[in-house]
Amino acid sequence: METNNAMKLETERLRMRPVTIEDKSAIFEYRSDSETNKYQGSIPNSLSDVEAFINKLAKHINEPSSWFQLVIIERASEEIIGDLGIHFFGSENKQTEIGCTLNKIYHHRGYATEAVRSVIDYLFHDLNKHRIIASIDPANESSIKLVERLGFRKEAHFVKSLFINGQWVDDIVYALLKDDW
Ligand SMILES: CC(C)(COP(=O)(O)OP(=O)(O)OC[C@H]1O[C@@H](n2cnc3c(N)ncnc32)[C@H](O)[C@@H]1OP(=O)(O)O)[C@@H](O)C(=O)NCCC(=O)NCCS
């Protein structure tokens, strides 16, 4: 993994960098796929929805109580294949929540695992975070497999605690400590 001040991560097959407004069309293409994204809190209906989403993100990584977003690029094609959000929270800004979304044509190749692993390394080693969590719908099997593959521990199952797409849904919280990594 390589990083620099502009926050770029590089893995064997992928590159990640902060999202910019120019990425909106690529992001809309896969985020508007309502079937693949049925467990997500919001699905964009238009490019301007994506624009509003990007404009609300933190401009710099590691700002307390903020969401920062990276795009995931396949190095071989230079295509944007997905994105990865990082929520900075908690006292002393020592905890983070992560969420990963891939264009469905890039699923099942190990790309999400490779991207999230690199971000975990960055959060624990470069930013010295204490704990990383993921909040997942219990029906979202691919996401559950992803975090379990990376060693996250299931810590909580909240019943009908989130109102998403017009209904109350359960929420499972997985967590990973720096000491576990
Ligand atoms: C969550 C999400 C990113 C996971 O994607 P994924 O394709 O299942 O995960 P990976 O890219 O890590 O691929 C892993 C799979 O590829 C397989 N694979 C194939 N080739 C591989 C390779 N060369 N290296 C590693 N794994 C490979 C693995 O065996 C694994 O298969 P399995 O799931 O049957 O065990 C994807 O389902 C998604 O975008 N969902 C919609 C958005 C969403 O709900 N996000 C969660 C919000 S919390």
# chains A, B, ... in the order shown; residues from 1 in each chain; ligands from 1

call {"tool": "closest_atom_pairs", "arguments": {"of": "segment 89-166 of chain A", "to": "segment 55-61 of chain A", "cutoff": "12 Å", "atoms": "only C-alpha atoms", "output": "tab-separated table"}}
result
residue	atom	partner	partner_atom	distance
A:Asn93	CA	A:Ile61	CA	11.6
A:Thr96	CA	A:Ile61	CA	11.4
A:Tyr122	CA	A:Ile61	CA	11.5
A:Leu123	CA	A:Ile61	CA	10.6
A:Asp126	CA	A:Ile61	CA	11.8
A:Leu127	CA	A:Ile61	CA	9.8

call {"tool": "closest_atom_pairs", "arguments": {"of": "chain A", "to": "ligand 1", "cutoff": "9 Å", "atoms": "only C-alpha atoms and all ligand atoms", "output": "CSV"}}
result
residue,atom,partner,partner_atom_place_in_ligand_line,distance
A:Tyr30,CA,ligand 1,39 (O),8.8
A:Arg31,CA,ligand 1,42 (C),8.2
A:Glu35,CA,ligand 1,41 (C),8.7
A:Thr36,CA,ligand 1,41 (C),5.1
A:Asn37,CA,ligand 1,41 (C),4.8
A:Lys38,CA,ligand 1,44 (O),6.9
A:Tyr39,CA,ligand 1,44 (O),5.2
A:Gln40,CA,ligand 1,44 (O),5.6
A:Gly41,CA,ligand 1,47 (C),8.6
A:Gly82,CA,ligand 1,39 (O),7.4
A:Asp83,CA,ligand 1,39 (O),8.7
A:Leu84,CA,ligand 1,3 (C),8.8
A:Ile98,CA,ligand 1,48 (S),7.3
A:Gly99,CA,ligand 1,48 (S),4.5
A:Cys100,CA,ligand 1,45 (N),5.1
A:Thr101,CA,ligand 1,39 (O),3.7
A:Leu102,CA,ligand 1,39 (O),3.8
A:Asn103,CA,ligand 1,39 (O),6.1
A:Lys104,CA,ligand 1,39 (O),6.3
A:Ile105,CA,ligand 1,7 (O),8.9
A:Tyr106,CA,ligand 1,7 (O),6.7
A:His107,CA,ligand 1,7 (O),3.3
A:His108,CA,ligand 1,16 (O),3.2
A:Arg109,CA,ligand 1,20 (N),3.7
A:Gly110,CA,ligand 1,26 (N),3.3
A:Tyr111,CA,ligand 1,11 (O),3.8
A:Ala112,CA,ligand 1,11 (O),3.7
A:Thr113,CA,ligand 1,12 (O),3.7
A:Glu114,CA,ligand 1,12 (O),6.5
A:Ala115,CA,ligand 1,12 (O),8.1
A:Val116,CA,ligand 1,12 (O),8.4
A:Ala134,CA,ligand 1,48 (S),6.4
A:Ser135,CA,ligand 1,48 (S),5.9
A:Ile136,CA,ligand 1,48 (S),5.0
A:Asp137,CA,ligand 1,48 (S),7.6
A:Asn140,CA,ligand 1,44 (O),6.4
A:Glu141,CA,ligand 1,37 (O),7.9
A:Ser142,CA,ligand 1,8 (O),4.5
A:Ser143,CA,ligand 1,1 (C),4.1
A:Ile144,CA,ligand 1,1 (C),7.9
A:Lys145,CA,ligand 1,33 (O),6.2
A:Leu146,CA,ligand 1,9 (O),5.8
A:Val147,CA,ligand 1,1 (C),8.9
A:Arg149,CA,ligand 1,35 (O),8.3

call {"tool": "write_last_selection", "arguments": {"atoms": "C-alpha atoms", "output": "short mmCIF file (atom, residue, chain, number, x, y, z; two decimals), in the first residue's frame"}}
result
data_model
loop_
_atom_site.label_atom_id
_atom_site.label_comp_id
_atom_site.auth_asym_id
_atom_site.auth_seq_id
_atom_site.Cartn_x
_atom_site.Cartn_y
_atom_site.Cartn_z
CA TYR A 30 -24.01 2.18 -10.20
CA ARG A 31 -25.61 3.96 -7.23
CA GLU A 35 -31.85 -3.64 -6.87
CA THR A 36 -28.12 -3.86 -6.06
CA ASN A 37 -28.42 -0.98 -3.61
CA LYS A 38 -31.66 -2.03 -1.90
CA TYR A 39 -30.00 -2.07 1.54
CA GLN A 40 -28.54 1.44 1.21
CA GLY A 41 -30.05 4.39 3.05
CA GLY A 82 -17.23 1.84 -6.80
CA ASP A 83 -16.77 3.94 -3.71
CA LEU A 84 -15.91 3.62 -0.07
CA ILE A 98 -17.01 2.27 6.78
CA GLY A 99 -19.31 1.37 3.89
CA CYS A 100 -18.40 0.03 0.45
CA THR A 101 -20.38 0.00 -2.81
CA LEU A 102 -19.27 -1.58 -6.09
CA ASN A 103 -20.80 -1.43 -9.54
CA LYS A 104 -22.41 -4.88 -9.84
CA ILE A 105 -20.34 -5.76 -12.91
CA TYR A 106 -17.28 -5.71 -10.63
CA HIS A 107 -18.73 -7.91 -7.86
CA HIS A 108 -17.28 -11.33 -6.95
CA ARG A 109 -13.69 -10.63 -7.95
CA GLY A 110 -12.37 -9.82 -4.48
CA TYR A 111 -12.19 -6.08 -5.25
CA ALA A 112 -14.24 -4.97 -2.21
CA THR A 113 -12.12 -7.11 0.11
CA GLU A 114 -8.93 -5.67 -1.41
CA ALA A 115 -10.19 -2.08 -1.13
CA VAL A 116 -11.52 -2.36 2.41
CA ALA A 134 -19.86 -1.45 9.85
CA SER A 135 -23.63 -1.18 10.10
CA ILE A 136 -25.36 -3.78 7.92
CA ASP A 137 -28.88 -4.99 7.16
CA ASN A 140 -27.28 -8.02 3.06
CA GLU A 141 -25.36 -11.29 2.80
CA SER A 142 -22.53 -10.03 0.55
CA SER A 143 -21.68 -7.24 2.99
CA ILE A 144 -21.79 -9.63 5.96
CA LYS A 145 -19.44 -12.02 4.15
CA LEU A 146 -17.15 -9.11 3.31
CA VAL A 147 -16.69 -7.92 6.89
CA ARG A 149 -13.79 -12.28 5.74
#

call {"tool": "select_by_dssp", "arguments": {"residues": "chain A", "states": "helix (DSSP H, G or I)", "output": "count of residues only"}}
result
55

call {"tool": "atom_distance", "arguments": {"atom1": "atom CA of Leu176 of chain A", "atom2": "atom CA of Ser42 of chain A"}}
result
25.4 Å

call {"tool": "select_by_dssp", "arguments": {"residues": "chain A", "states": "strand (DSSP E)", "output": "ChimeraX atom specification"}}
result
/A:9-10,14-18,66-74,79-89,95-102,131-136,153-164,167-177

call {"tool": "closest_atom_pairs", "arguments": {"of": "segment 36-147 of chain A", "to": "segment 18-27 of chain A", "cutoff": "8 Å", "atoms": "only C-alpha atoms", "output": "JSON lines"}}
result
{"residue": "A:Leu47", "atom": "CA", "partner": "A:Lys24", "partner_atom": "CA", "distance": 6.6}
{"residue": "A:Val50", "atom": "CA", "partner": "A:Lys24", "partner_atom": "CA", "distance": 6.0}
{"residue": "A:Glu51", "atom": "CA", "partner": "A:Lys24", "partner_atom": "CA", "distance": 6.3}
{"residue": "A:Ile54", "atom": "CA", "partner": "A:Ile21", "partner_atom": "CA", "distance": 6.5}
{"residue": "A:Asn55", "atom": "CA", "partner": "A:Ile21", "partner_atom": "CA", "distance": 7.8}
{"residue": "A:Phe68", "atom": "CA", "partner": "A:Pro18", "partner_atom": "CA", "distance": 7.7}
{"residue": "A:Gln69", "atom": "CA", "partner": "A:Val19", "partner_atom": "CA", "distance": 5.8}
{"residue": "A:Leu70", "atom": "CA", "partner": "A:Pro18", "partner_atom": "CA", "distance": 4.3}
{"residue": "A:Val71", "atom": "CA", "partner": "A:Val19", "partner_atom": "CA", "distance": 5.4}
{"residue": "A:Ile80", "atom": "CA", "partner": "A:Ala26", "partner_atom": "CA", "distance": 6.5}
{"residue": "A:Gly82", "atom": "CA", "partner": "A:Ile27", "partner_atom": "CA", "distance": 7.1}
{"residue": "A:Asp83", "atom": "CA", "partner": "A:Ile27", "partner_atom": "CA", "distance": 7.8}

call {"tool": "write_last_selection", "arguments": {"atoms": "C-alpha atoms", "output": "short mmCIF file (atom, residue, chain, number, x, y, z; two decimals), in the first residue's frame"}}
result
data_model
loop_
_atom_site.label_atom_id
_atom_site.label_comp_id
_atom_site.auth_asym_id
_atom_site.auth_seq_id
_atom_site.Cartn_x
_atom_site.Cartn_y
_atom_site.Cartn_z
CA LEU A 47 -27.22 13.38 -11.27
CA VAL A 50 -25.23 12.66 -6.55
CA GLU A 51 -23.94 16.22 -6.82
CA ILE A 54 -20.72 14.90 -3.00
CA ASN A 55 -21.09 18.53 -1.94
CA PHE A 68 -15.27 11.25 3.68
CA GLN A 69 -15.62 9.36 0.43
CA LEU A 70 -13.11 7.63 -1.83
CA VAL A 71 -13.67 6.33 -5.34
CA ILE A 80 -14.30 3.94 -11.48
CA GLY A 82 -17.23 1.84 -6.80
CA ASP A 83 -16.77 3.94 -3.71
#

call {"tool": "closest_residue", "arguments": {"among": "A:Ala139, A:Met16, A:Glu63, A:Ile43", "to": "Glu79 of chain A", "atoms": "only C-alpha atoms"}}
result
A:Met16

call {"tool": "residues_around", "arguments": {"residues": "Gly90 of chain A", "least_positions_apart": "4", "cutoff": "8 Å", "atoms": "only C-alpha atoms", "output": "list in words"}}
result
Pro64, Ser65, Lys94, Gln95 and Thr96 of chain A

call {"tool": "write_last_selection", "arguments": {"atoms": "N, CA and C atoms", "output": "PDB file, in the first residue's frame"}}
result
ATOM      1  N   PRO A  64     -13.425  15.413  12.500  1.00  0.00           N
ATOM      2  CA  PRO A  64     -14.367  14.799  13.442  1.00  0.00           C
ATOM      3  C   PRO A  64     -15.813  14.954  12.969  1.00  0.00           C
ATOM      4  N   SER A  65     -16.631  13.936  13.232  1.00  0.00           N
ATOM      5  CA  SER A  65     -18.061  13.932  12.882  1.00  0.00           C
ATOM      6  C   SER A  65     -18.314  14.232  11.409  1.00  0.00           C
ATOM      7  N   LYS A  94     -11.479   8.856  17.448  1.00  0.00           N
ATOM      8  CA  LYS A  94     -10.698   7.616  17.382  1.00  0.00           C
ATOM      9  C   LYS A  94     -11.440   6.460  16.713  1.00  0.00           C
ATOM     10  N   GLN A  95     -12.710   6.703  16.313  1.00  0.00           N
ATOM     11  CA  GLN A  95     -13.469   5.596  15.734  1.00  0.00           C
ATOM     12  C   GLN A  95     -13.965   5.959  14.336  1.00  0.00           C
ATOM     13  N   THR A  96     -14.179   4.928  13.531  1.00  0.00           N
ATOM     14  CA  THR A  96     -14.682   5.159  12.178  1.00  0.00           C
ATOM     15  C   THR A  96     -15.692   4.087  11.818  1.00  0.00           C
TER      16      THR A  96
END

call {"tool": "closest_residue", "arguments": {"among": "A:Ser118, A:Tyr174, A:Trp181, A:Gln167", "to": "Glu10 of chain A", "atoms": "only C-alpha atoms"}}
result
A:Ser118

call {"tool": "atom_distance", "arguments": {"atom1": "atom CA of Val119 of chain A", "atom2": "atom CA of Val173 of chain A"}}
result
18.4 Å

call {"tool": "atom_distance", "arguments": {"atom1": "atom CA of Glu12 of chain A", "atom2": "atom CA of Gly85 of chain A"}}
result
20.5 Å

call {"tool": "closest_residue", "arguments": {"among": "A:Lys8, A:Arg15, A:Ser91, A:Pro138", "to": "Ser77 of chain A", "atoms": "only C-alpha atoms"}}
result
A:Arg15

call {"tool": "residues_around", "arguments": {"residues": "Leu177 of chain A", "least_positions_apart": "6", "cutoff": "10 Å", "atoms": "only C-alpha atoms", "output": "count of residues only"}}
result
10

call {"tool": "closest_residue", "arguments": {"among": "A:Ser32, A:Glu74, A:Pro44, A:Asn128", "to": "Glu92 of chain A", "atoms": "only C-alpha atoms"}}
result
A:Asn128
